[in-house]
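Next up, upload_22.csv (CSV, C-alpha atoms and all ligand atoms):
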```csv
chain,number,residue,atom,x,y,z
U,1,MET,CA,-168.5,240.7,134.2
U,2,LEU,CA,-172.3,240.8,135.0
U,3,LYS,CA,-173.5,244.2,136.3
U,4,ASN,CA,-176.8,242.6,137.4
U,5,ASP,CA,-176.9,238.9,138.4
U,6,LEU,CA,-180.1,239.0,140.4
U,7,LEU,CA,-181.7,236.5,138.0
U,8,LEU,CA,-178.9,233.9,138.3
U,9,ARG,CA,-178.7,234.3,142.0
U,10,ALA,CA,-182.5,233.8,142.5
U,11,LEU,CA,-182.5,230.8,140.2
U,12,LEU,CA,-179.9,229.2,142.4
U,13,ARG,CA,-181.8,230.3,145.5
U,14,LEU,CA,-179.0,232.6,146.7
U,15,PRO,CA,-179.7,235.8,148.6
U,16,VAL,CA,-180.9,238.8,146.5
U,17,GLU,CA,-181.9,242.3,147.6
U,18,ARG,CA,-185.1,242.3,145.4
U,19,THR,CA,-187.0,239.8,143.3
U,20,PRO,CA,-185.7,239.8,139.7
U,21,VAL,CA,-188.3,240.2,137.0
U,22,TRP,CA,-188.6,239.4,133.3
U,23,MET,CA,-191.6,238.5,131.0
U,24,MET,CA,-192.2,235.5,128.8
U,25,ARG,CA,-192.5,236.9,125.2
U,26,GLN,CA,-191.1,240.2,126.4
U,27,ALA,CA,-189.9,240.9,122.8
U,28,GLY,CA,-193.0,240.7,120.7
U,29,ARG,CA,-196.0,242.2,119.0
U,30,TYR,CA,-197.2,244.3,121.9
U,31,LEU,CA,-194.2,246.6,121.2
U,32,PRO,CA,-194.5,248.9,118.2
U,33,GLU,CA,-190.7,248.9,117.7
U,34,TYR,CA,-190.9,245.0,117.4
U,35,ARG,CA,-193.6,245.3,114.7
U,36,ALA,CA,-191.4,247.8,112.9
U,37,THR,CA,-188.3,245.6,112.9
U,38,ARG,CA,-190.4,242.6,111.8
U,39,ALA,CA,-191.8,244.6,108.9
U,40,ARG,CA,-188.2,245.4,107.9
U,41,ALA,CA,-187.2,241.8,108.1
U,42,GLY,CA,-190.2,240.8,105.9
U,43,ASN,CA,-191.5,238.0,108.1
U,44,PHE,CA,-191.0,236.3,111.5
U,45,LEU,CA,-188.7,233.5,110.3
U,46,LYS,CA,-186.4,236.0,108.6
U,47,LEU,CA,-186.3,238.0,111.8
U,48,CYS,CA,-185.2,234.9,113.7
U,49,MET,CA,-182.6,234.0,111.1
U,50,THR,CA,-181.0,237.4,110.8
U,51,PRO,CA,-178.7,237.7,113.9
U,52,GLU,CA,-178.5,241.5,113.7
U,53,LEU,CA,-182.3,241.8,113.8
U,54,ALA,CA,-182.8,239.1,116.4
U,55,CYS,CA,-180.3,241.0,118.5
U,56,GLU,CA,-182.2,244.2,118.0
U,57,VAL,CA,-185.6,242.9,119.1
U,58,THR,CA,-184.0,241.0,122.0
U,59,LEU,CA,-182.8,244.3,123.4
U,60,GLN,CA,-186.0,246.3,122.7
U,61,PRO,CA,-187.8,245.5,125.9
U,62,LEU,CA,-184.7,246.2,128.0
U,63,ALA,CA,-184.5,249.7,126.5
U,64,ARG,CA,-188.1,250.3,127.8
U,65,PHE,CA,-188.3,248.5,131.1
U,66,PRO,CA,-185.7,247.8,133.9
U,67,LEU,CA,-185.8,244.0,133.3
U,68,ASP,CA,-183.4,241.6,135.0
U,69,ALA,CA,-182.9,239.3,132.0
U,70,ALA,CA,-182.8,239.2,128.2
U,71,ILE,CA,-184.3,236.2,126.5
U,72,LEU,CA,-182.9,235.2,123.1
U,73,PHE,CA,-185.3,236.2,120.4
U,74,SER,CA,-186.0,232.9,118.5
U,75,ASP,CA,-188.6,230.2,118.5
U,76,ILE,CA,-189.0,226.6,119.7
U,77,LEU,CA,-189.7,225.6,116.1
U,78,THR,CA,-186.2,226.3,114.9
U,79,ILE,CA,-185.5,222.5,115.5
U,80,PRO,CA,-188.3,221.3,113.1
U,81,HIS,CA,-187.0,223.9,110.6
U,82,ALA,CA,-183.5,222.5,111.0
U,83,LEU,CA,-184.9,219.0,110.5
U,84,GLY,CA,-186.0,220.1,107.1
U,85,LEU,CA,-189.7,219.7,107.8
U,86,GLY,CA,-190.7,223.0,106.1
U,87,LEU,CA,-191.7,225.6,108.6
U,88,GLN,CA,-193.9,228.5,107.7
U,89,PHE,CA,-195.5,231.3,109.7
U,90,GLU,CA,-198.7,232.6,108.1
U,91,THR,CA,-199.7,235.9,109.5
U,92,GLY,CA,-202.6,235.5,111.9
U,93,GLU,CA,-202.6,231.7,111.6
U,94,GLY,CA,-199.6,230.6,113.6
U,95,PRO,CA,-197.0,228.1,112.5
U,96,ARG,CA,-197.4,225.4,109.8
U,97,ILE,CA,-195.2,222.4,109.2
U,98,GLU,CA,-195.3,221.4,105.5
U,99,ARG,CA,-194.1,217.8,106.0
U,100,PRO,CA,-195.5,216.5,109.2
U,101,VAL,CA,-194.2,213.3,110.8
U,102,ARG,CA,-196.9,210.7,110.9
U,103,SER,CA,-195.3,207.2,110.5
U,104,ARG,CA,-192.2,205.2,111.5
U,105,SER,CA,-190.7,205.7,108.1
U,106,ASP,CA,-191.1,209.5,108.5
U,107,VAL,CA,-189.2,209.3,111.8
U,108,VAL,CA,-186.3,207.2,110.5
U,109,ARG,CA,-185.6,209.6,107.7
U,110,LEU,CA,-184.7,212.3,110.2
U,111,GLY,CA,-181.2,213.1,111.3
U,112,VAL,CA,-180.1,215.1,114.4
U,113,PRO,CA,-179.1,218.6,113.3
U,114,ASP,CA,-175.7,220.0,114.0
U,115,PRO,CA,-176.5,223.1,116.0
U,116,ASN,CA,-173.4,224.9,114.8
U,117,VAL,CA,-174.3,224.3,111.1
U,118,GLU,CA,-178.1,224.2,110.6
U,119,LEU,CA,-178.7,226.4,113.6
U,120,ARG,CA,-175.6,228.5,113.3
U,121,TYR,CA,-177.8,231.7,112.9
U,122,VAL,CA,-179.0,231.1,116.5
U,123,MET,CA,-175.5,230.8,117.9
U,124,ASP,CA,-174.5,233.9,115.9
U,125,ALA,CA,-177.4,235.8,117.5
U,126,VAL,CA,-176.4,234.6,121.0
U,127,ARG,CA,-172.8,235.8,120.5
U,128,LEU,CA,-174.0,239.1,119.1
U,129,ILE,CA,-176.5,239.7,121.9
U,130,ARG,CA,-173.9,238.9,124.6
U,131,ARG,CA,-171.6,241.5,123.0
U,132,GLU,CA,-174.3,244.1,122.8
U,133,LEU,CA,-175.6,243.4,126.4
U,134,ASP,CA,-172.1,244.1,127.7
U,135,GLY,CA,-172.9,242.5,131.0
U,136,GLN,CA,-176.0,244.6,131.7
U,137,VAL,CA,-178.2,241.5,132.5
U,138,PRO,CA,-177.9,237.8,131.8
U,139,LEU,CA,-179.1,236.2,128.6
U,140,ILE,CA,-181.5,233.3,128.8
U,141,GLY,CA,-181.3,230.7,126.0
U,142,PHE,CA,-184.2,228.3,125.4
U,143,ALA,CA,-185.8,225.4,123.5
U,144,GLY,CA,-189.1,223.6,123.5
U,145,SER,CA,-189.6,220.3,125.2
U,146,PRO,CA,-189.6,217.2,122.9
U,147,TRP,CA,-193.3,216.7,123.6
U,148,THR,CA,-194.3,220.3,122.8
U,149,VAL,CA,-192.1,220.5,119.7
U,150,GLY,CA,-193.4,217.0,118.8
U,151,THR,CA,-197.0,218.3,118.8
U,152,TYR,CA,-196.3,220.8,116.1
U,153,ILE,CA,-194.3,218.2,114.1
U,154,VAL,CA,-197.0,215.5,114.2
U,155,GLU,CA,-200.1,217.8,114.0
U,156,GLY,CA,-198.5,219.9,111.2
U,157,GLY,CA,-199.0,223.1,113.2
U,158,GLY,CA,-200.9,224.3,116.2
U,159,SER,CA,-203.7,222.2,117.5
U,160,ARG,CA,-206.8,222.3,119.6
U,161,ASN,CA,-207.2,218.7,120.6
U,162,PHE,CA,-203.9,217.1,119.6
U,163,SER,CA,-205.8,214.3,117.9
U,164,ARG,CA,-203.0,213.0,115.7
U,165,ILE,CA,-200.2,212.9,118.2
U,166,LYS,CA,-202.5,211.4,120.9
U,167,ALA,CA,-203.7,208.8,118.4
U,168,MET,CA,-200.0,208.0,117.8
U,169,MET,CA,-199.3,207.9,121.5
U,170,TYR,CA,-202.0,205.3,122.1
U,171,GLU,CA,-201.7,203.3,118.8
U,172,ASP,CA,-198.0,203.3,118.1
U,173,PRO,CA,-196.1,204.5,121.1
U,174,ALA,CA,-192.8,203.2,119.8
U,175,THR,CA,-192.9,205.5,116.9
U,176,LEU,CA,-193.7,208.5,119.1
U,177,HIS,CA,-190.9,207.5,121.5
U,178,ALA,CA,-188.5,207.3,118.5
U,179,LEU,CA,-189.4,210.8,117.5
U,180,LEU,CA,-189.1,212.1,121.0
U,181,ALA,CA,-185.7,210.5,121.5
U,182,LEU,CA,-184.5,212.2,118.3
U,183,LEU,CA,-185.8,215.5,119.5
U,184,THR,CA,-184.2,214.9,122.9
U,185,ASP,CA,-180.7,214.4,121.3
U,186,SER,CA,-181.3,217.5,119.0
U,187,THR,CA,-182.4,219.7,121.9
U,188,ARG,CA,-179.5,218.7,124.2
U,189,LEU,CA,-177.0,219.5,121.5
U,190,TYR,CA,-178.9,222.7,120.7
U,191,LEU,CA,-179.0,224.0,124.3
U,192,ASN,CA,-175.3,223.1,124.9
U,193,ALA,CA,-174.4,225.0,121.8
U,194,GLN,CA,-176.4,228.0,123.1
U,195,ILE,CA,-174.5,227.8,126.4
U,196,GLU,CA,-171.2,227.6,124.7
U,197,ALA,CA,-172.1,230.6,122.5
U,198,GLY,CA,-172.9,232.6,125.7
U,199,ALA,CA,-176.4,231.8,127.1
U,200,GLN,CA,-176.1,232.2,130.9
U,201,ALA,CA,-179.3,230.3,131.8
U,202,VAL,CA,-181.5,228.0,129.8
U,203,MET,CA,-185.3,227.4,129.9
U,204,ILE,CA,-187.2,224.5,128.5
U,205,PHE,CA,-190.8,225.4,127.4
U,206,ASP,CA,-193.2,222.6,127.7
U,207,THR,CA,-196.2,224.5,126.6
U,208,TRP,CA,-198.4,221.5,125.9
U,209,GLY,CA,-197.3,219.0,128.6
U,210,GLY,CA,-200.4,220.0,130.5
U,211,VAL,CA,-202.7,218.3,128.0
U,212,LEU,CA,-201.4,214.9,129.0
U,213,SER,CA,-202.8,212.5,131.7
U,214,PRO,CA,-200.4,212.1,134.7
U,215,GLN,CA,-198.7,208.9,133.7
U,216,ARG,CA,-198.4,210.0,130.0
U,217,TYR,CA,-196.9,213.3,131.2
U,218,LEU,CA,-194.2,211.4,133.1
U,219,ASP,CA,-193.5,209.0,130.2
U,220,PHE,CA,-193.8,211.2,127.1
U,221,SER,CA,-192.8,214.6,128.4
U,222,LEU,CA,-191.0,214.8,131.8
U,223,HIS,CA,-188.8,211.7,131.0
U,224,TYR,CA,-187.3,213.4,128.0
U,225,MET,CA,-186.8,216.7,129.7
U,226,ARG,CA,-185.0,215.0,132.5
U,227,ASP,CA,-182.8,213.3,129.9
U,228,ILE,CA,-181.9,216.6,128.3
U,229,ILE,CA,-181.2,218.3,131.7
U,230,GLY,CA,-178.9,215.3,132.6
U,231,GLY,CA,-176.8,216.0,129.5
U,232,LEU,CA,-176.5,219.8,129.7
U,233,ARG,CA,-173.3,221.6,130.3
U,234,ARG,CA,-173.9,223.2,133.7
U,235,LYS,CA,-170.8,225.4,134.1
U,236,HIS,CA,-169.4,227.9,131.6
U,237,GLU,CA,-167.3,231.0,131.9
U,238,GLY,CA,-166.7,230.0,135.6
U,239,ARG,CA,-170.4,230.3,136.4
U,240,GLN,CA,-173.2,227.8,137.0
U,241,ILE,CA,-175.8,227.7,134.2
U,242,PRO,CA,-179.2,227.5,135.9
U,243,VAL,CA,-181.9,225.4,134.1
U,244,ILE,CA,-185.6,226.4,134.2
U,245,LEU,CA,-188.3,223.9,133.4
U,246,PHE,CA,-191.8,225.2,132.6
U,247,THR,CA,-194.8,222.9,131.9
U,248,LYS,CA,-197.9,225.0,131.3
U,249,GLY,CA,-200.7,223.4,133.2
U,250,GLY,CA,-198.2,221.2,135.2
U,251,GLY,CA,-199.3,222.4,138.7
U,252,ALA,CA,-200.2,218.9,139.8
U,253,TRP,CA,-196.8,217.5,138.9
U,254,LEU,CA,-194.4,220.1,140.4
U,255,LYS,CA,-192.9,217.6,142.8
U,256,ALA,CA,-191.9,215.2,140.1
U,257,MET,CA,-190.7,218.1,138.0
U,258,ALA,CA,-188.5,219.3,140.8
U,259,GLN,CA,-186.7,216.0,140.7
U,260,SER,CA,-185.7,216.4,137.1
U,261,GLY,CA,-182.3,218.0,137.9
U,262,CYS,CA,-183.5,221.5,137.1
U,263,ASP,CA,-182.8,224.6,139.3
U,264,ALA,CA,-186.1,226.3,138.9
U,265,LEU,CA,-189.7,225.6,137.8
U,266,GLY,CA,-191.9,228.0,135.8
U,267,VAL,CA,-195.4,228.1,137.4
U,268,ASP,CA,-198.5,229.3,135.5
U,269,TRP,CA,-201.3,231.3,137.2
U,270,THR,CA,-203.5,228.3,137.9
U,271,THR,CA,-201.3,227.3,140.8
U,272,ASP,CA,-200.8,229.4,143.9
U,273,LEU,CA,-197.1,230.0,144.5
U,274,ALA,CA,-197.4,229.2,148.2
U,275,ASP,CA,-198.8,225.8,147.3
U,276,ALA,CA,-196.1,225.3,144.7
U,277,ARG,CA,-193.4,226.2,147.2
U,278,ARG,CA,-194.7,223.7,149.6
U,279,ALA,CA,-195.0,221.0,146.9
U,280,VAL,CA,-191.3,221.4,146.0
U,281,ASP,CA,-190.2,221.8,149.6
U,282,ASP,CA,-187.9,224.8,148.6
U,283,ARG,CA,-185.6,222.4,146.7
U,284,VAL,CA,-185.9,224.5,143.5
U,285,ALA,CA,-186.6,228.1,142.7
U,286,LEU,CA,-190.0,229.2,141.3
U,287,GLN,CA,-190.6,231.5,138.4
U,288,GLY,CA,-194.0,233.2,137.8
U,289,ASN,CA,-196.9,233.6,137.9
U,290,LEU,CA,-199.1,236.7,137.3
U,291,ASP,CA,-202.0,235.9,135.0
U,292,PRO,CA,-201.0,237.5,131.7
U,293,ASN,CA,-204.7,238.7,131.3
U,294,CYS,CA,-204.2,240.8,134.4
U,295,LEU,CA,-202.2,243.2,132.2
U,296,TYR,CA,-205.5,244.2,130.5
U,297,ALA,CA,-206.4,245.9,133.8
U,298,SER,CA,-205.4,249.3,135.1
U,299,PRO,CA,-201.9,250.0,136.5
U,300,VAL,CA,-203.5,250.4,140.0
U,301,ARG,CA,-205.0,246.9,139.8
U,302,ILE,CA,-201.8,245.5,138.3
U,303,ARG,CA,-199.9,246.7,141.3
U,304,GLU,CA,-202.3,245.0,143.7
U,305,GLU,CA,-202.0,241.7,141.8
U,306,VAL,CA,-198.2,242.0,141.8
U,307,ALA,CA,-198.4,242.5,145.5
U,308,ALA,CA,-200.5,239.3,145.8
U,309,VAL,CA,-198.1,237.2,143.8
U,310,LEU,CA,-195.1,238.4,145.9
U,311,ALA,CA,-197.0,237.8,149.1
U,312,SER,CA,-198.0,234.3,147.9
U,313,TYR,CA,-194.3,233.3,147.4
U,314,GLY,CA,-193.6,235.1,150.7
U,315,ARG,CA,-190.3,235.8,152.4
U,316,GLY,CA,-187.0,234.2,151.4
U,317,HIS,CA,-185.0,233.8,148.2
U,318,GLY,CA,-185.7,231.6,145.1
U,319,HIS,CA,-188.5,233.6,143.4
U,320,VAL,CA,-188.2,235.1,139.9
U,321,PHE,CA,-191.2,237.3,139.1
U,322,ASN,CA,-192.7,236.6,135.7
U,323,LEU,CA,-196.1,236.2,134.0
U,324,GLY,CA,-197.7,232.7,134.1
U,325,HIS,CA,-197.4,232.6,130.3
U,326,GLY,CA,-196.4,234.9,127.5
U,327,ILE,CA,-197.6,238.5,127.3
U,328,HIS,CA,-200.5,239.0,124.9
U,329,PRO,CA,-200.1,241.2,121.7
U,330,GLU,CA,-202.8,243.7,122.7
U,331,ILE,CA,-201.3,244.7,126.1
U,332,PRO,CA,-200.3,248.4,126.3
U,333,PRO,CA,-196.6,248.6,127.0
U,334,GLU,CA,-197.3,251.0,129.9
U,335,HIS,CA,-199.1,248.2,131.7
U,336,ALA,CA,-196.1,246.0,131.4
U,337,ALA,CA,-194.1,248.9,132.8
U,338,ALA,CA,-196.5,249.2,135.8
U,339,MET,CA,-195.9,245.5,136.5
U,340,VAL,CA,-192.1,245.8,136.4
U,341,GLN,CA,-192.1,249.0,138.5
U,342,ALA,CA,-194.4,247.3,141.2
U,343,VAL,CA,-191.9,244.4,141.5
U,344,HIS,CA,-189.0,246.8,141.9
U,345,GLU,CA,-190.9,248.8,144.6
U,346,LEU,CA,-192.7,246.0,146.5
U,347,SER,CA,-190.3,243.1,146.5
U,348,PRO,CA,-187.3,244.4,148.6
U,349,ALA,CA,-189.5,244.0,151.7
U,350,TYR,CA,-189.4,240.2,151.2
U,351,HIS,CA,-185.6,240.1,151.2
U,352,ARG,CA,-184.8,242.1,154.3
R,1,LIG,O1,-190.0,235.3,125.1
R,1,LIG,C1,-189.4,235.9,124.2
R,1,LIG,O2,-189.5,237.2,124.1
R,1,LIG,C2,-188.5,235.2,123.3
R,1,LIG,C3,-189.0,234.8,122.0
R,1,LIG,C4,-190.0,233.6,121.9
R,1,LIG,C5,-190.8,233.5,120.8
R,1,LIG,N1,-191.4,232.2,120.8
R,1,LIG,C6,-191.0,234.5,119.8
R,1,LIG,C7,-192.2,234.4,118.9
R,1,LIG,C8,-190.1,232.4,122.6
R,1,LIG,C9,-189.4,232.0,124.0
R,1,LIG,C10,-191.0,231.6,121.9
R,1,LIG,C11,-191.3,230.2,122.4
R,1,LIG,C12,-192.4,229.5,121.7
R,1,LIG,N2,-192.8,229.5,120.4
R,1,LIG,C13,-193.3,228.6,122.4
R,1,LIG,C14,-193.2,228.3,123.9
R,1,LIG,C15,-193.6,229.4,124.8
R,1,LIG,C16,-195.0,229.7,124.8
R,1,LIG,O3,-195.4,230.9,124.6
R,1,LIG,O4,-195.8,228.8,125.2
R,1,LIG,C17,-194.2,228.2,121.5
R,1,LIG,C18,-195.4,227.2,121.7
R,1,LIG,C19,-193.9,228.7,120.2
R,1,LIG,C20,-194.5,228.4,118.9
R,1,LIG,C21,-195.0,229.5,118.2
R,1,LIG,N3,-194.3,230.6,117.8
R,1,LIG,C22,-196.4,229.8,118.0
R,1,LIG,C23,-197.5,228.9,118.4
R,1,LIG,C24,-196.4,231.1,117.3
R,1,LIG,C25,-197.6,231.7,116.7
R,1,LIG,C26,-198.6,232.2,117.7
R,1,LIG,C27,-198.3,233.7,117.9
R,1,LIG,O5,-198.2,234.1,119.1
R,1,LIG,O6,-198.4,234.4,116.9
R,1,LIG,C28,-195.1,231.6,117.3
R,1,LIG,C29,-194.7,232.8,116.7
R,1,LIG,C30,-193.9,233.7,117.6
R,1,LIG,N4,-192.8,233.3,118.3
R,1,LIG,C31,-194.0,235.1,117.7
R,1,LIG,C32,-193.0,235.6,118.5
R,1,LIG,C33,-192.7,237.0,118.9
R,1,LIG,C34,-195.1,236.0,117.0
R,1,LIG,C35,-194.7,236.0,115.5
R,1,LIG,C36,-195.0,237.4,114.9
R,1,LIG,O7,-194.2,238.3,115.1
R,1,LIG,O8,-196.1,237.4,114.3
```
In structure tokens, write the structure found in this file.
Amino acid sequence: MLKNDLLLRALLRLPVERTPVWMMRQAGRYLPEYRATRARAGNFLKLCMTPELACEVTLQPLARFPLDAAILFSDILTIPHALGLGLQFETGEGPRIERPVRSRSDVVRLGVPDPNVELRYVMDAVRLIRRELDGQVPLIGFAGSPWTVGTYIVEGGGSRNFSRIKAMMYEDPATLHALLALLTDSTRLYLNAQIEAGAQAVMIFDTWGGVLSPQRYLDFSLHYMRDIIGGLRRKHEGRQIPVILFTKGGGAWLKAMAQSGCDALGVDWTTDLADARRAVDDRVALQGNLDPNCLYASPVRIREEVAAVLASYGRGHGHVFNLGHGIHPEIPPEHAAAMVQAVHELSPAYHR
């Protein structure tokens, strides 16, 4: 039994009494208690791979703020890790893939991971979090998009200009398509396993789709996300499982994204929610989109900006309040609290 199902209702565009709110990267370095647990784990990867600790940090933001969702503490790079590509997180440097995929022969060596074997630790974390949440709020599972995960796999880590994967896209598109197809199969199985383990909504993070030209976005990113969504288990425990699709920088393509079979679109802060709502013609819910940098400002200014985001979406259901991207590590937790409180206080007026 869910005590608070505002998020699930809003994602399905059902009536709510106030706008639900959560934050991308809500469990993370801006919380001192997160840094303490990570220190106990030793490093980030161990934190992800130890279900008890992943559960602990998943619940930390909920103990501080009245959020309407928990998001599984994990990473989009668990799949490259399961593919045996050698994942490392060096402090202050971001992720590194030891054996990047650069050729056709690199791709054909890869096999689709069994999520209940190689990624068993994720499913154990999902089951444990569900037990500990005890129906307080729903749990969101997630994965990266094939394109976004592919950028890390081909580049060998984070990238500024995506030179290697874009060279592959233009010179040898068949090899890139083969890699993306393998990631699509892996991600569909991975998300379905999360749903079976207890994830009550799922989100696909396409952090780097926005670096593509429009046609390349459709062919190399959206196409594969649509494929994943088409293969997802959409009902579990007698409830619908909403799917959220988020392409950072995807504001120009919302209409096409809305036709992917998803229930909701994540919107970053470069698109006005009123324009986004018109673009999708109210066919899907919208999640977003306060500029994460706004949280550097004072609580008074934060409240004004929250009011502006709520007004921009306007009256009616189908809005989930969030940041337009992940919260930054330097944000004072009291500023996040001010944002959540403002949503609680200002949003009921839009649902009467
Ligand atoms: O939102 C949440 O609270 C759930 C946890 C979550 C993490 N990563 C934890 C994390 C989620 C949903 C992600 C997704 C993720 N991971 C994305 C897509 C979302 C986005 O923000 O665009 C991407 C691109 C990654 C890959 C990744 N993981 C990078 C580039 C980095 C290093 C950069 C950084 O912020 O340090 C990570 C590490 C990471 N993933 C951290 C956390 C809390 C920081 C690790 C640490 O504790 O030092």
Contacts of range 24-38 of chain U at 9 Å (all atoms listed in the file; same-chain gap of 5+ positions) as a list in words: Asn43, Phe44, Lys46, Leu47, Leu53, Glu56, Val57, Thr58, Leu59, Gln60, Pro61, Leu62, Ala70, Ile71, Phe73, Asn322, Leu323, Gly324, His325, Gly326, Ile327, His328, Pro329, Glu330, Ile331, Pro332 and Pro333 of chain U
Restricting the calculation to all atoms listed in the file, which member of U:Pro214, U:Pro115, U:Gly230, U:Gly266 is positioned closest to ligand LIG 1 (chain R)?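 Comparing U:Pro214, U:Pro115, U:Gly230, U:Gly266 against ligand LIG 1 (chain R), the winner is U:Gly266.
The spacing separating atom N1 of ligand LIG 1 (chain R) from CA of Leu72 in chain U amounts to 9.3 Å.
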Taking only residues of range 179-269 of chain U that have an atom at most 7 Å from an atom of range 9-15 of chain U, what is each one's shortest atom pair and its distance in Å to one decimal, using only C-alpha atoms, in chain and number order, as a Markdown table?
```
| residue | atom | partner | partner_atom | distance |
| --- | --- | --- | --- | --- |
| U:Pro242 | CA | U:Leu11 | CA | 6.3 |
| U:Asp263 | CA | U:Leu12 | CA | 6.3 |
| U:Ala264 | CA | U:Leu11 | CA | 5.9 |
```
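If you look at CA of Glu171 in chain U and CA of Trp147 in chain U, they are 16.5 Å away from each other.
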Calculated over only C-alpha atoms and all ligand atoms, which of the candidates U:Ile165, U:Ala258, U:Val122, U:Ala143 has the smallest distance to ligand LIG 1 (chain R)?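 Smallest distance to ligand LIG 1 (chain R) is found for U:Ala143.
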For range 188-190 of chain U, please output as a ChimeraX atom specification all residues within 9 Å (counting all atoms listed in the file; exclusion window: fewer than 2 positions along the same chain). /U:79,112-116,119,143,183-186,192-195,227-229,231-232
Under the rule that all atoms listed in the file are counted, which of U:Ser213, U:Ser347, U:Thr270, U:Gln259 is the nearest residue to Met169 in chain U?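 Once distances to Met169 in chain U are computed over all atoms listed in the file, the minimum belongs to U:Ser213.
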Counting only C-alpha atoms, write as a CSV table (one decimal) with C-alpha atoms, keeping the file's coordinate frame all protein and nucleic acid residues lying at most 8 Å from (-189.5, 224.5, 136.8) in the file's frame.
```
chain,number,residue,atom,x,y,z
U,244,ILE,CA,-185.6,226.4,134.2
U,245,LEU,CA,-188.3,223.9,133.4
U,246,PHE,CA,-191.8,225.2,132.6
U,247,THR,CA,-194.8,222.9,131.9
U,254,LEU,CA,-194.4,220.1,140.4
U,257,MET,CA,-190.7,218.1,138.0
U,258,ALA,CA,-188.5,219.3,140.8
U,262,CYS,CA,-183.5,221.5,137.1
U,263,ASP,CA,-182.8,224.6,139.3
U,264,ALA,CA,-186.1,226.3,138.9
U,265,LEU,CA,-189.7,225.6,137.8
U,266,GLY,CA,-191.9,228.0,135.8
U,267,VAL,CA,-195.4,228.1,137.4
U,284,VAL,CA,-185.9,224.5,143.5
U,285,ALA,CA,-186.6,228.1,142.7
U,286,LEU,CA,-190.0,229.2,141.3
U,287,GLN,CA,-190.6,231.5,138.4
```
Within 12 Å of Tyr313 in chain U using all atoms listed in the file, minus same-chain residues under 5 positions, as a PyMOL selection string: chain U and resi 19+267+271-278+282+285-290+306-308+318-321+347+350-351
Nearest to ligand LIG 1 (chain R) by atom-to-atom distance, counting only C-alpha atoms and all ligand atoms, from U:Asp268, U:Glu132, U:Asp291, U:Glu93: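 That would be U:Glu93, the residue with the smallest distance to ligand LIG 1 (chain R).
With distances taken over all atoms listed in the file, U:Val149 is the one residue among U:Met1, U:Val107, U:Leu128, U:Val149 lying closest to ligand LIG 1 (chain R).
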Considering all atoms listed in the file, state which residue in the set U:Gly144, U:Gly250, U:Gly261, U:Gly314 is at the smallest distance from ligand LIG 1 (chain R). U:Gly144
Tell me, in Å to one decimal, how far CA of Arg239 in chain U is from CA of Arg283 in chain U.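 Value for the CA of Arg239 in chain U-CA of Arg283 in chain U distance: 20.0 Å.
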Taking (-179.5, 237.1, 132.7) in the file's coordinates, which residues come within 7 Å, counting all atoms listed in the file, written as number ranges by chain? U: 5, 7-8, 68-70, 137-140, 200-201
